[in-house]
Each structure stands twice: as structure tokens, then as C-alpha cells.
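**Q** Enclosed is the structure file target-v1.csv (CSV, C-alpha atoms).
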```csv
chain,number,residue,atom,x,y,z
A,1,MET,CA,222.9,149.1,332.9
A,2,SER,CA,226.6,150.1,333.1
A,3,GLU,CA,226.7,148.9,336.7
A,4,THR,CA,225.3,145.5,335.7
A,5,LEU,CA,227.7,145.0,332.9
A,6,LEU,CA,230.6,146.1,335.0
A,7,ALA,CA,229.6,143.8,337.8
A,8,SER,CA,229.4,140.9,335.4
A,9,ALA,CA,232.9,141.7,334.0
A,10,ALA,CA,234.4,142.0,337.5
A,11,ALA,CA,232.9,138.7,338.5
A,12,GLY,CA,234.7,137.1,335.6
A,13,THR,CA,231.6,135.5,334.2
A,14,ASP,CA,232.1,133.2,331.2
A,15,THR,CA,228.7,134.0,329.7
A,16,PRO,CA,229.4,135.9,326.5
A,17,VAL,CA,227.5,139.0,325.6
A,18,PRO,CA,225.5,138.4,322.4
A,19,ALA,CA,227.1,139.7,319.2
A,20,ALA,CA,225.4,142.6,317.5
A,21,PRO,CA,222.6,141.5,315.3
A,22,GLY,CA,222.3,142.4,311.7
A,23,ALA,CA,220.9,145.8,310.7
A,24,ARG,CA,217.4,144.5,309.8
A,25,PRO,CA,216.7,142.5,313.0
A,26,PHE,CA,218.1,145.4,315.0
A,27,TRP,CA,215.8,148.0,313.4
A,28,ARG,CA,212.8,145.6,313.6
A,29,ARG,CA,213.3,145.1,317.4
A,30,LEU,CA,213.9,148.8,317.9
A,31,ARG,CA,210.7,149.8,316.0
A,32,ALA,CA,208.8,147.4,318.2
A,33,GLN,CA,209.5,149.6,321.2
A,34,ARG,CA,207.2,152.6,321.0
A,35,ALA,CA,208.9,154.3,324.0
A,36,ALA,CA,212.3,154.1,322.3
A,37,LEU,CA,210.9,155.4,319.0
A,38,ALA,CA,209.3,158.3,320.8
A,39,ALA,CA,212.6,159.0,322.5
A,40,ALA,CA,214.4,158.8,319.1
A,41,VAL,CA,212.1,161.4,317.6
A,42,VAL,CA,212.7,163.7,320.5
A,43,VAL,CA,216.5,163.3,320.2
A,44,ALA,CA,216.3,163.8,316.5
A,45,LEU,CA,214.3,167.0,317.0
A,46,LEU,CA,216.8,168.3,319.6
A,47,VAL,CA,219.8,167.6,317.2
A,48,LEU,CA,217.9,169.3,314.4
A,49,VAL,CA,217.3,172.4,316.6
A,50,ALA,CA,220.9,172.5,317.6
A,51,LEU,CA,222.1,172.2,314.0
A,52,ALA,CA,219.6,174.8,312.8
A,53,ALA,CA,220.2,177.3,315.6
A,54,PRO,CA,221.5,180.0,313.2
A,55,LEU,CA,218.5,179.6,311.0
A,56,LEU,CA,216.0,179.6,313.9
A,57,THR,CA,217.5,182.7,315.5
A,58,ALA,CA,217.6,184.4,312.1
A,59,LEU,CA,213.8,183.7,311.7
A,60,GLU,CA,213.3,185.3,315.1
A,61,GLY,CA,215.6,188.2,314.3
A,62,GLN,CA,217.8,187.8,317.4
A,63,ASP,CA,221.2,186.4,318.4
A,64,PRO,CA,222.4,185.0,321.7
A,65,THR,CA,224.9,187.7,322.6
A,66,THR,CA,223.2,191.1,321.9
A,67,TYR,CA,222.2,193.0,325.0
A,68,HIS,CA,218.8,194.8,325.3
A,69,PRO,CA,219.2,197.0,328.3
A,70,SER,CA,216.1,199.0,327.4
A,71,LEU,CA,213.9,195.9,327.8
A,72,VAL,CA,214.9,195.2,331.5
A,73,ASP,CA,213.7,197.2,334.5
A,74,SER,CA,216.8,198.4,336.2
A,75,ALA,CA,214.7,199.7,339.2
A,76,ARG,CA,213.7,196.2,340.0
A,77,GLY,CA,217.2,194.7,339.6
A,78,GLY,CA,217.1,193.9,335.9
A,79,VAL,CA,213.8,192.0,335.7
A,80,PRO,CA,212.5,191.8,332.0
A,81,VAL,CA,209.8,194.3,331.2
A,82,GLY,CA,206.5,192.9,330.1
A,83,PRO,CA,204.5,189.8,330.9
A,84,LEU,CA,206.0,186.3,331.2
A,85,GLY,CA,209.5,187.5,331.3
A,86,GLY,CA,209.3,189.7,328.3
A,87,ILE,CA,207.8,187.3,325.8
A,88,SER,CA,206.8,189.0,322.6
A,89,GLY,CA,206.8,188.6,318.9
A,90,ASP,CA,210.4,189.7,318.8
A,91,HIS,CA,211.5,187.5,321.8
A,92,TRP,CA,209.7,184.2,321.6
A,93,LEU,CA,210.7,182.9,325.0
A,94,GLY,CA,211.4,186.2,326.8
A,95,LEU,CA,214.6,187.8,327.9
A,96,GLU,CA,217.5,187.1,330.2
A,97,PRO,CA,217.4,189.2,333.4
A,98,GLN,CA,219.9,192.0,333.8
A,99,THR,CA,221.3,191.7,330.3
A,100,GLY,CA,218.1,191.4,328.2
A,101,ARG,CA,219.7,188.8,325.9
A,102,ASP,CA,217.2,186.7,324.0
A,103,LEU,CA,216.3,183.5,325.8
A,104,PHE,CA,215.3,181.5,322.7
A,105,ALA,CA,218.5,182.3,320.9
A,106,ARG,CA,220.6,181.3,324.0
A,107,LEU,CA,218.6,178.1,324.5
A,108,VAL,CA,219.0,176.8,320.9
A,109,TYR,CA,222.7,177.8,320.8
A,110,GLY,CA,223.1,176.2,324.2
A,111,ALA,CA,221.8,173.0,322.7
A,112,ARG,CA,224.7,173.0,320.3
A,113,VAL,CA,227.2,173.2,323.1
A,114,SER,CA,225.6,170.8,325.5
A,115,LEU,CA,224.9,168.1,322.8
A,116,GLY,CA,228.1,168.7,321.0
A,117,VAL,CA,230.3,168.3,324.1
A,118,ALA,CA,228.4,165.2,325.2
A,119,LEU,CA,228.6,163.4,321.9
A,120,ALA,CA,232.3,164.3,321.3
A,121,ALA,CA,233.2,163.2,324.9
A,122,THR,CA,231.4,159.9,324.2
A,123,VAL,CA,233.4,159.4,321.1
A,124,VAL,CA,236.7,160.0,323.1
A,125,GLN,CA,235.6,157.7,325.9
A,126,THR,CA,234.5,154.9,323.5
A,127,SER,CA,237.7,155.0,321.5
A,128,LEU,CA,239.9,155.0,324.5
A,129,GLY,CA,237.9,152.3,326.3
A,130,VAL,CA,237.9,149.9,323.3
A,131,LEU,CA,241.6,150.5,322.6
A,132,VAL,CA,242.7,150.0,326.1
A,133,GLY,CA,240.4,147.1,326.8
A,134,VAL,CA,241.3,145.1,323.7
A,135,ALA,CA,245.0,145.9,324.2
A,136,ALA,CA,244.9,144.6,327.8
A,137,ALA,CA,243.1,141.4,326.8
A,138,LEU,CA,245.3,140.6,323.8
A,139,GLY,CA,248.6,141.9,325.1
A,140,ARG,CA,251.2,140.0,327.2
A,141,ARG,CA,250.8,139.6,330.9
A,142,TRP,CA,252.8,142.7,331.8
A,143,VAL,CA,250.8,144.8,329.3
A,144,ASP,CA,247.5,143.5,330.8
A,145,GLN,CA,248.7,144.2,334.3
A,146,LEU,CA,249.9,147.7,333.4
A,147,LEU,CA,246.7,148.7,331.5
A,148,SER,CA,244.5,147.1,334.1
A,149,ARG,CA,246.1,149.1,336.9
A,150,LEU,CA,245.8,152.3,334.8
A,151,THR,CA,242.2,151.5,334.3
A,152,ASP,CA,241.6,151.0,338.0
A,153,ILE,CA,243.2,154.4,338.7
A,154,ILE,CA,240.9,156.1,336.1
A,155,VAL,CA,237.8,154.4,337.5
A,156,ALA,CA,238.8,155.5,341.0
A,157,LEU,CA,239.3,159.1,340.1
A,158,PRO,CA,236.2,161.2,341.0
A,159,LEU,CA,235.1,162.8,337.8
A,160,MET,CA,233.9,166.1,339.3
A,161,ILE,CA,236.9,166.8,341.5
A,162,MET,CA,239.4,166.0,338.8
A,163,SER,CA,237.5,168.0,336.3
A,164,LEU,CA,237.3,171.0,338.6
A,165,ALA,CA,241.0,170.8,339.2
A,166,LEU,CA,242.0,170.4,335.5
A,167,LEU,CA,239.6,173.1,334.3
A,168,ALA,CA,240.8,175.5,337.0
A,169,ILE,CA,244.5,175.4,336.0
A,170,VAL,CA,244.1,175.6,332.2
A,171,PRO,CA,244.5,179.1,330.7
A,172,SER,CA,241.2,180.8,329.9
A,173,SER,CA,242.4,181.3,326.3
A,174,PHE,CA,241.9,177.6,325.6
A,175,PRO,CA,238.5,177.0,323.9
A,176,ARG,CA,236.3,176.0,326.8
A,177,PRO,CA,233.9,173.6,325.0
A,178,LEU,CA,236.9,171.7,323.6
A,179,LEU,CA,238.5,171.6,327.0
A,180,VAL,CA,235.3,170.3,328.7
A,181,THR,CA,235.1,167.6,326.0
A,182,LEU,CA,238.6,166.4,326.6
A,183,VAL,CA,238.4,166.4,330.3
A,184,ILE,CA,235.2,164.4,330.4
A,185,GLY,CA,236.4,162.1,327.7
A,186,PHE,CA,239.8,161.3,329.2
A,187,ILE,CA,238.5,160.7,332.7
A,188,GLY,CA,235.4,158.7,331.9
A,189,TRP,CA,236.7,155.7,329.8
A,190,GLY,CA,237.7,153.3,332.6
A,191,ASN,CA,234.4,151.4,333.0
A,192,LEU,CA,234.1,150.7,329.3
A,193,ALA,CA,237.7,149.5,329.2
A,194,LYS,CA,236.9,147.0,331.9
A,195,ILE,CA,233.8,145.8,330.0
A,196,VAL,CA,235.7,145.4,326.8
A,197,ARG,CA,238.6,143.6,328.4
A,198,ALA,CA,236.3,141.1,330.1
A,199,GLN,CA,234.3,140.5,326.9
A,200,THR,CA,237.5,140.2,324.8
A,201,LEU,CA,238.9,137.5,327.1
A,202,THR,CA,235.6,135.6,326.7
A,203,LEU,CA,235.6,135.9,322.9
A,204,LYS,CA,239.3,134.7,322.7
A,205,GLY,CA,238.2,131.2,323.6
A,206,LEU,CA,235.6,130.8,320.9
A,207,ASP,CA,236.3,128.4,318.1
A,208,HIS,CA,236.3,130.9,315.2
A,209,VAL,CA,238.9,133.0,317.0
A,210,SER,CA,241.1,130.0,317.7
A,211,ALA,CA,240.8,128.9,314.0
A,212,ALA,CA,241.8,132.4,312.9
A,213,ARG,CA,244.9,132.2,315.2
A,214,LEU,CA,245.8,128.8,313.9
A,215,SER,CA,245.5,130.1,310.3
A,216,GLY,CA,248.4,132.5,311.1
A,217,TRP,CA,246.4,135.7,311.4
A,218,GLY,CA,248.1,138.5,313.3
A,219,THR,CA,246.8,139.7,316.7
A,220,TRP,CA,245.3,143.0,315.5
A,221,HIS,CA,243.9,141.4,312.3
A,222,ILE,CA,242.0,138.9,314.5
A,223,ALA,CA,240.9,141.8,316.7
A,224,ARG,CA,239.6,143.7,313.8
A,225,ARG,CA,237.9,140.8,311.9
A,226,GLU,CA,236.8,138.5,314.7
A,227,LEU,CA,236.6,140.3,318.0
A,228,LEU,CA,235.3,143.8,317.2
A,229,PRO,CA,232.0,142.5,315.7
A,230,GLY,CA,231.4,140.6,319.0
A,231,LEU,CA,232.1,143.7,321.0
A,232,ALA,CA,229.7,145.9,319.1
A,233,ALA,CA,226.6,145.2,321.3
A,234,PRO,CA,228.2,146.0,324.7
A,235,VAL,CA,230.1,148.9,323.4
A,236,LEU,CA,227.1,150.5,321.6
A,237,THR,CA,224.9,149.9,324.6
A,238,TYR,CA,227.4,151.6,327.0
A,239,ALA,CA,228.0,154.4,324.6
A,240,ALA,CA,224.3,155.1,324.3
A,241,LEU,CA,224.1,155.5,328.0
A,242,LEU,CA,227.2,157.6,328.2
A,243,VAL,CA,225.6,160.4,326.2
A,244,PRO,CA,223.0,161.5,328.9
A,245,MET,CA,225.7,161.1,331.6
A,246,ASN,CA,228.0,163.4,329.7
A,247,ILE,CA,225.3,166.0,329.2
A,248,SER,CA,224.7,166.0,332.9
A,249,ALA,CA,228.4,166.3,333.6
A,250,GLU,CA,228.8,169.2,331.2
A,251,ALA,CA,225.8,170.9,332.8
A,252,ALA,CA,227.2,170.3,336.3
A,253,LEU,CA,230.6,171.7,335.4
A,254,SER,CA,229.1,174.8,333.8
A,255,PHE,CA,226.8,175.2,336.8
A,256,LEU,CA,229.8,175.2,339.1
A,257,GLY,CA,231.4,177.9,337.0
A,258,VAL,CA,234.4,175.9,335.5
A,259,GLY,CA,232.7,174.8,332.3
A,260,VAL,CA,231.6,176.9,329.4
A,261,LYS,CA,232.1,180.6,330.1
A,262,PRO,CA,229.8,183.5,329.0
A,263,PRO,CA,229.0,184.8,326.5
A,264,THR,CA,229.0,181.3,325.0
A,265,PRO,CA,225.6,179.8,326.0
A,266,SER,CA,225.2,176.3,327.4
A,267,TRP,CA,222.3,175.0,329.5
A,268,GLY,CA,224.4,174.4,332.5
A,269,GLN,CA,225.9,177.9,332.3
A,270,MET,CA,222.3,179.4,332.0
A,271,LEU,CA,221.3,177.5,335.1
A,272,THR,CA,224.3,179.0,336.9
A,273,ALA,CA,223.1,182.5,336.1
A,274,ALA,CA,219.4,181.7,336.8
A,275,ASN,CA,219.8,180.4,340.4
A,276,VAL,CA,219.1,183.9,341.8
A,277,TRP,CA,216.2,184.7,339.4
A,278,TYR,CA,213.9,181.7,340.0
A,279,GLN,CA,211.3,183.9,341.8
A,280,ALA,CA,211.5,187.1,339.7
A,281,ALA,CA,211.9,185.4,336.3
A,282,PRO,CA,211.1,181.7,336.7
A,283,GLN,CA,211.2,181.0,333.0
A,284,TYR,CA,214.9,181.8,333.0
A,285,LEU,CA,215.4,178.7,335.3
A,286,LEU,CA,212.7,176.5,334.0
A,287,LEU,CA,213.6,176.6,330.3
A,288,PRO,CA,217.2,175.3,330.5
A,289,ALA,CA,216.3,172.9,333.3
A,290,GLY,CA,213.3,171.5,331.3
A,291,ALA,CA,215.5,171.2,328.2
A,292,LEU,CA,218.1,169.2,330.2
A,293,PHE,CA,215.5,167.0,331.7
A,294,VAL,CA,213.8,166.2,328.4
A,295,THR,CA,217.2,165.5,326.7
A,296,VAL,CA,218.6,163.2,329.4
A,297,LEU,CA,215.3,161.3,329.7
A,298,ALA,CA,215.0,160.8,325.9
A,299,LEU,CA,218.6,159.7,325.6
A,300,THR,CA,218.2,157.3,328.6
A,301,VAL,CA,215.1,155.7,327.1
A,302,LEU,CA,216.7,155.5,323.7
A,303,GLY,CA,219.8,153.9,325.2
A,304,ASP,CA,217.7,151.3,326.9
A,305,GLY,CA,215.9,150.6,323.6
A,306,VAL,CA,219.2,150.1,321.9
A,307,ARG,CA,220.3,147.7,324.6
A,308,THR,CA,217.2,145.6,324.2
A,309,ALA,CA,217.4,145.6,320.4
A,310,LEU,CA,221.0,144.5,320.4
A,311,ASP,CA,220.3,141.9,323.1
A,312,PRO,CA,216.8,140.5,322.5
A,313,ARG,CA,217.2,138.1,325.5
A,314,ALA,CA,217.3,141.0,327.9
A,315,GLY,CA,214.0,142.4,329.0
A,316,SER,CA,213.7,146.2,329.0
A,317,ARG,CA,213.9,147.9,332.3
A,318,LEU,CA,211.7,150.6,330.9
A,319,ARG,CA,208.6,148.7,329.8
A,320,VAL,CA,206.5,151.7,328.8
A,321,GLY,CA,205.3,151.2,325.2
A,322,THR,CA,207.0,147.8,324.6
A,323,GLY,CA,203.8,145.8,324.4
A,324,ARG,CA,205.2,143.1,326.7
A,325,GLY,CA,202.4,143.3,329.2
A,326,GLY,CA,199.7,142.4,326.6
A,327,ALA,CA,201.8,139.5,325.3
A,328,ASP,CA,202.4,138.2,328.9
A,329,ARG,CA,198.7,138.3,329.6
A,330,LYS,CA,197.9,136.4,326.5
A,331,GLY,CA,200.4,133.8,327.3
A,332,GLY,CA,199.0,133.5,330.8
A,333,ALA,CA,195.5,133.1,329.4
A,334,VAL,CA,196.5,130.2,327.3
```
Any chance you could put this one into C-alpha cells?

**A**
Amino acid sequence: MSETLLASAAAGTDTPVPAAPGARPFWRRLRAQRAALAAAVVVALLVLVALAAPLLTALEGQDPTTYHPSLVDSARGGVPVGPLGGISGDHWLGLEPQTGRDLFARLVYGARVSLGVALAATVVQTSLGVLVGVAAALGRRWVDQLLSRLTDIIVALPLMIMSLALLAIVPSSFPRPLLVTLVIGFIGWGNLAKIVRAQTLTLKGLDHVSAARLSGWGTWHIARRELLPGLAAPVLTYAALLVPMNISAEAALSFLGVGVKPPTPSWGQMLTAANVWYQAAPQYLLLPAGALFVTVLALTVLGDGVRTALDPRAGSRLRVGTGRGGADRKGGAV
């Protein structure tokens, strides 16, 4: 979706992106997509688990940092004692190899870090993208040129390489989740800025914007009252798709060893430690990998549903559960 929008903006198309519909039509269209509703339920459950992590681990009676050396077999290199990786009434999902830390506690606390970093980075990217894109479209020619060249540089920067470089030189005393959030957020706003600039240039030529300008409204007053509502649909669509991308980026950085550091748990950091235990303790690899897969899939399906609900003219690329097939067959029969 982001590639399609960006290609449209780069081609200079004059076709405006539809403005965001009202709340009622939006929710009605979103509810009509069963796949998007299922994805929304999954995302809501994941967020609830992340927020309730202290309560859930208190119910289990464990925490994510306590070592249990007596529950791992040192003679076998630290493999958890007991069946299925040490699963028991005290340890619901088993134990971490070598350290014996509780896997359930680390998994739910890791959800807080992974989801929190992804959502916060999305907020940073969206804020910067909208600000730079609108400023470039409404500013003078030299402002547009300057911001457009800056945006081109940001888009050209390889996210992983730049993140690795920045995270490697920052002192270890700086809070790592906050640092990862800032790095992902400040490097990943370029594409959204291009989309916003192209759409703002299109909206500038509409009658109601011209009327507001002739009425003596200031530039930023016009932007706030007349342009931002028209930008809601593309911005919300792109932001919804940025969240799973940012979760994957955080996991990749943590997997490479420059993201969140132990003992703070994150799914990517758990995968880093699990890459040598996939045979002896497969659940240590499968649990965070499965959580990442389900989260990214649910957010991607939900993002596609939001896109379709905001722009009812666009057909969903993920047609599972939308009911379009039955409607098409009925139309063909007639």
C-alpha cells in the first residue's frame, strides 16, 4: 500500500485521495470486514496482555528477571529440567535455557517493549511526516526545495545500517527502548512526508481552500481547518501500516544485538538468545517468533481494513472475510 501511494505521489497525479469519512460510515465499513474485525480483536488482546503484564505475572507468581539455576540442567548446557522446556504450574510456558528465567513473564513483558516502541515510533514518524510534508507544500519555493531534498535524503538512508551506526555510538546508559524509538522514528518519516506533500498540493487547488485563502485566512489556519481533514485518510492508512513495519524493525535491531539489552525483555532480544537453542529447547524460539508473526499479521490485516474503510472505492487486497465474493457472484447471476 505504501509503495502504491508513494508511486502515485511521485508521478504527480491530480487524482485526490478521498477525504476521511465520518465516524459512523467508517465504523460501518470496518465492521463489514470480518477479517479486519478478527485482526482488531487480536490486536486488542495483545495490547491488553502488554498493559496487564504485571498482573498476569503476579497471578503466575513469577517475574521476568529472576534466575532459577536449580531448574536447568547444567550437565546438558543449561537445558530446562522437565518436559516441554520446564512447563509446570509455576512456569506456564516453561523456562529460559541457562538462566531459568520464566518464559511467560518475559514474553508478556516483551510485548510491552515491542508494541510500545512500535507505536511510539509511529507517532514520531507520523508527526514529522505530516509537518514536513505540509510545510513543503505550503511554503515558498526555496522552503519546498530544501524540505524536499531533505526528505529525499531521509528516504535514501538505509534504515538498518543507519540504526546500527547510531545505536552503536550512543552510550549504554541511555534508555534503550527510548533510543530505539527515536532512531526508528527519525529515520522512517520520509515516505509519509512525500505522500503528504503530494496530497496537500492537490488539495490546495480545491474551491473551498481557494475560498478560505480569499477570505483572508492565514496559511496555517487554512492547513488546520481545510487541509488536515483531507489528509486524514492517507495519513491514517500509512500510519496503520507503519506499526507492523516498526515492530519488525525493533525485533531486527534487537536480534542484531543493538536494540533492547538484557535483562529488559523484548521479542527480538529473546530471538537473539534463542538462535542456539532451537533444537534443545524449541519453545524458546517458537514462542517469541510466533508472537511476532501473529502481531505483524494482525496489524497488517487491520491496516488494510482501515485503508478500505477510509477509501470505500478501493478494493481490499486481503479479501478474506469481506464478503465480496458472494456479492460478485450474485451480480454475475443477474

**Q** Mind pulling up the distance from atom CA of Leu157 of chain A to atom CA of Ile187 of chain A?

**A**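 Between atom CA of Ile187 of chain A and atom CA of Leu157 of chain A the gap works out to 7.6 Å.
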
**Q** Quick check, in Å to one decimal: how far apart do atom CA of Gly305 of chain A and atom CA of Ala135 of chain A lie?

**A**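 One can read the atom CA of Gly305 of chain A to atom CA of Ala135 of chain A distance as 29.5 Å.
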
**Q** Report as an mmCIF file with C-alpha atoms, in the coordinates of the input all protein, DNA and RNA residues lying within 8 Å of Ala111 of chain A, evaluated on only C-alpha atoms, omitting residues in the same chain fewer than 5 positions from it.

**A**
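Resulting contents of selection.cif:
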```cif
data_model
loop_
_atom_site.group_PDB
_atom_site.id
_atom_site.type_symbol
_atom_site.label_atom_id
_atom_site.label_comp_id
_atom_site.auth_asym_id
_atom_site.auth_seq_id
_atom_site.Cartn_x
_atom_site.Cartn_y
_atom_site.Cartn_z
ATOM 1 C CA LEU A 46 216.800 168.300 319.600
ATOM 2 C CA VAL A 47 219.800 167.600 317.200
ATOM 3 C CA VAL A 49 217.300 172.400 316.600
ATOM 4 C CA ALA A 50 220.900 172.500 317.600
ATOM 5 C CA GLY A 116 228.100 168.700 321.000
ATOM 6 C CA SER A 266 225.200 176.300 327.400
ATOM 7 C CA TRP A 267 222.300 175.000 329.500
#
```

**Q** Could you tell me how far atom CA of Gly110 of chain A sits from atom CA of Pro265 of chain A, in Å to one decimal place?

**A**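 Answer for the atom CA of Pro265 of chain A to atom CA of Gly110 of chain A separation: 4.7 Å.
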
**Q** Hey, which of A:Trp189, A:Tyr109, A:Phe255, A:Trp277 ends up closest to Val235 of chain A? Count all atoms listed in the file.

**A**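 Closest residue, counting all atoms listed in the file: A:Trp189.
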
**Q** So which residues touch Gly77 of chain A within 10 Å, counting only C-alpha atoms, skipping near sequence neighbours fewer than 2 positions away, as a list in words?

**A**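 My reading of the contact set: Val72, Asp73, Ser74, Ala75, Val79, Pro80, Pro97, Gln98 and Ala280 of chain A.
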
**Q** Residues near Ala309 of chain A, anyone? I mean within 9 Å using all atoms listed in the file, not counting same-chain ones fewer than 6 positions away, as a list in words.

**A**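 Selected residues are Pro21, Pro25, Phe26, Trp27, Arg28, Arg29, Leu30 and Gln33 of chain A.
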
**Q** I want to know what sits within 8 Å of Ser254 of chain A, based on only C-alpha atoms, with residues of the same chain fewer than 4 positions away left out; could you give that as number ranges by chain?

**A** A: 250, 258-261, 266, 268-269, 272

**Q** Neighbouring residues of segment 89-93 of chain A were defined as those with any atom within 8 Å, considering all atoms listed in the file; residues of the same chain fewer than 6 positions away were excluded. Please report them as an MDAnalysis selection string.

**A** chainID A and resid 60:62 102:104

**Q** Rank A:Leu299, A:Met162, A:Val306, A:Val134 by their smallest atom-to-atom distance to Val41 of chain A, using only C-alpha atoms, and report the top residue only.

**A**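 Under the stated criterion, the closest residue is A:Leu299.
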
**Q** With all atoms listed in the file as the basis for distance, which of A:Asp144, A:Ala273, A:Val43, A:Arg307 is at the shortest distance from Val294 of chain A?

**A** A:Val43

**Q** For a quick check of understanding, using all atoms listed in the file, which of A:Leu253, A:Thr219, A:Leu95, A:Leu150 has the smallest distance to Leu285 of chain A?

**A**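 Of A:Leu253, A:Thr219, A:Leu95, A:Leu150, the one nearest Leu285 of chain A is A:Leu95, counting all atoms listed in the file.
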
**Q** Go through A:Leu242, A:Leu297, A:Ala136, A:Leu55 and flag the residue nearest Ala35 of chain A, using only C-alpha atoms for the distances.

**A** A:Leu297

**Q** Can you work out which one of A:Val301, A:Leu310, A:Leu178, A:Leu159 has the shortest atom-to-atom distance to Leu37 of chain A, counting only C-alpha atoms?

**A**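 Smallest separation from Leu37 of chain A among the options: A:Val301.
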
**Q** Saving segment 137-211 of chain A with C-alpha atoms, as a CSV table (one decimal), in the first residue's frame, what would that file be?

**A**
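Heads up, here's the output in selection_12.csv:
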```
chain,number,residue,atom,x,y,z
A,137,ALA,CA,3.7,22.1,0.1
A,138,LEU,CA,2.6,25.4,1.6
A,139,GLY,CA,6.0,27.1,2.0
A,140,ARG,CA,7.8,29.2,-0.5
A,141,ARG,CA,9.7,27.7,-3.4
A,142,TRP,CA,13.1,27.6,-1.5
A,143,VAL,CA,11.4,26.0,1.5
A,144,ASP,CA,9.8,23.4,-0.7
A,145,GLN,CA,13.2,22.7,-2.4
A,146,LEU,CA,15.0,22.5,0.9
A,147,LEU,CA,12.5,20.2,2.6
A,148,SER,CA,12.1,18.0,-0.5
A,149,ARG,CA,15.8,17.4,-0.7
A,150,LEU,CA,15.9,16.6,3.0
A,151,THR,CA,13.1,14.2,2.5
A,152,ASP,CA,14.9,12.6,-0.4
A,153,ILE,CA,18.0,12.1,1.8
A,154,ILE,CA,15.9,10.5,4.6
A,155,VAL,CA,14.2,8.2,2.1
A,156,ALA,CA,17.5,7.1,0.7
A,157,LEU,CA,19.1,6.3,4.0
A,158,PRO,CA,19.1,2.5,4.7
A,159,LEU,CA,17.1,2.1,8.0
A,160,MET,CA,19.1,-0.8,9.3
A,161,ILE,CA,22.5,0.5,8.5
A,162,MET,CA,21.8,3.9,10.0
A,163,SER,CA,20.2,2.4,13.0
A,164,LEU,CA,23.1,0.1,13.6
A,165,ALA,CA,25.5,3.0,13.4
A,166,LEU,CA,23.5,5.3,15.7
A,167,LEU,CA,22.7,2.7,18.3
A,168,ALA,CA,26.3,1.6,18.4
A,169,ILE,CA,27.7,5.0,19.3
A,170,VAL,CA,25.2,6.1,21.9
A,171,PRO,CA,26.2,5.5,25.5
A,172,SER,CA,24.8,2.4,27.1
A,173,SER,CA,23.4,4.4,29.9
A,174,PHE,CA,20.8,6.0,27.6
A,175,PRO,CA,17.4,4.1,28.0
A,176,ARG,CA,17.5,1.6,25.1
A,177,PRO,CA,13.7,1.3,24.4
A,178,LEU,CA,13.5,5.1,24.1
A,179,LEU,CA,16.6,5.2,21.9
A,180,VAL,CA,15.3,2.6,19.5
A,181,THR,CA,12.0,4.5,19.3
A,182,LEU,CA,13.8,7.7,18.4
A,183,VAL,CA,16.1,6.1,15.9
A,184,ILE,CA,13.3,4.3,14.0
A,185,GLY,CA,11.0,7.4,14.3
A,186,PHE,CA,13.5,10.0,13.0
A,187,ILE,CA,14.7,7.8,10.1
A,188,GLY,CA,11.4,6.5,8.8
A,189,TRP,CA,9.2,9.5,8.2
A,190,GLY,CA,10.4,10.3,4.6
A,191,ASN,CA,7.8,8.4,2.6
A,192,LEU,CA,4.9,9.8,4.6
A,193,ALA,CA,6.2,13.3,4.0
A,194,LYS,CA,6.3,12.7,0.3
A,195,ILE,CA,2.7,11.4,0.4
A,196,VAL,CA,1.5,14.4,2.5
A,197,ARG,CA,3.2,16.9,0.2
A,198,ALA,CA,1.7,15.5,-2.9
A,199,GLN,CA,-1.8,15.3,-1.4
A,200,THR,CA,-1.5,18.8,0.0
A,201,LEU,CA,-0.5,20.2,-3.4
A,202,THR,CA,-3.7,18.6,-4.8
A,203,LEU,CA,-5.9,19.9,-2.1
A,204,LYS,CA,-4.6,23.5,-2.5
A,205,GLY,CA,-6.4,23.8,-5.8
A,206,LEU,CA,-9.8,22.9,-4.5
A,207,ASP,CA,-12.5,25.5,-4.4
A,208,HIS,CA,-13.1,25.5,-0.6
A,209,VAL,CA,-9.3,26.1,0.0
A,210,SER,CA,-9.2,28.9,-2.5
A,211,ALA,CA,-12.3,30.5,-0.9
```
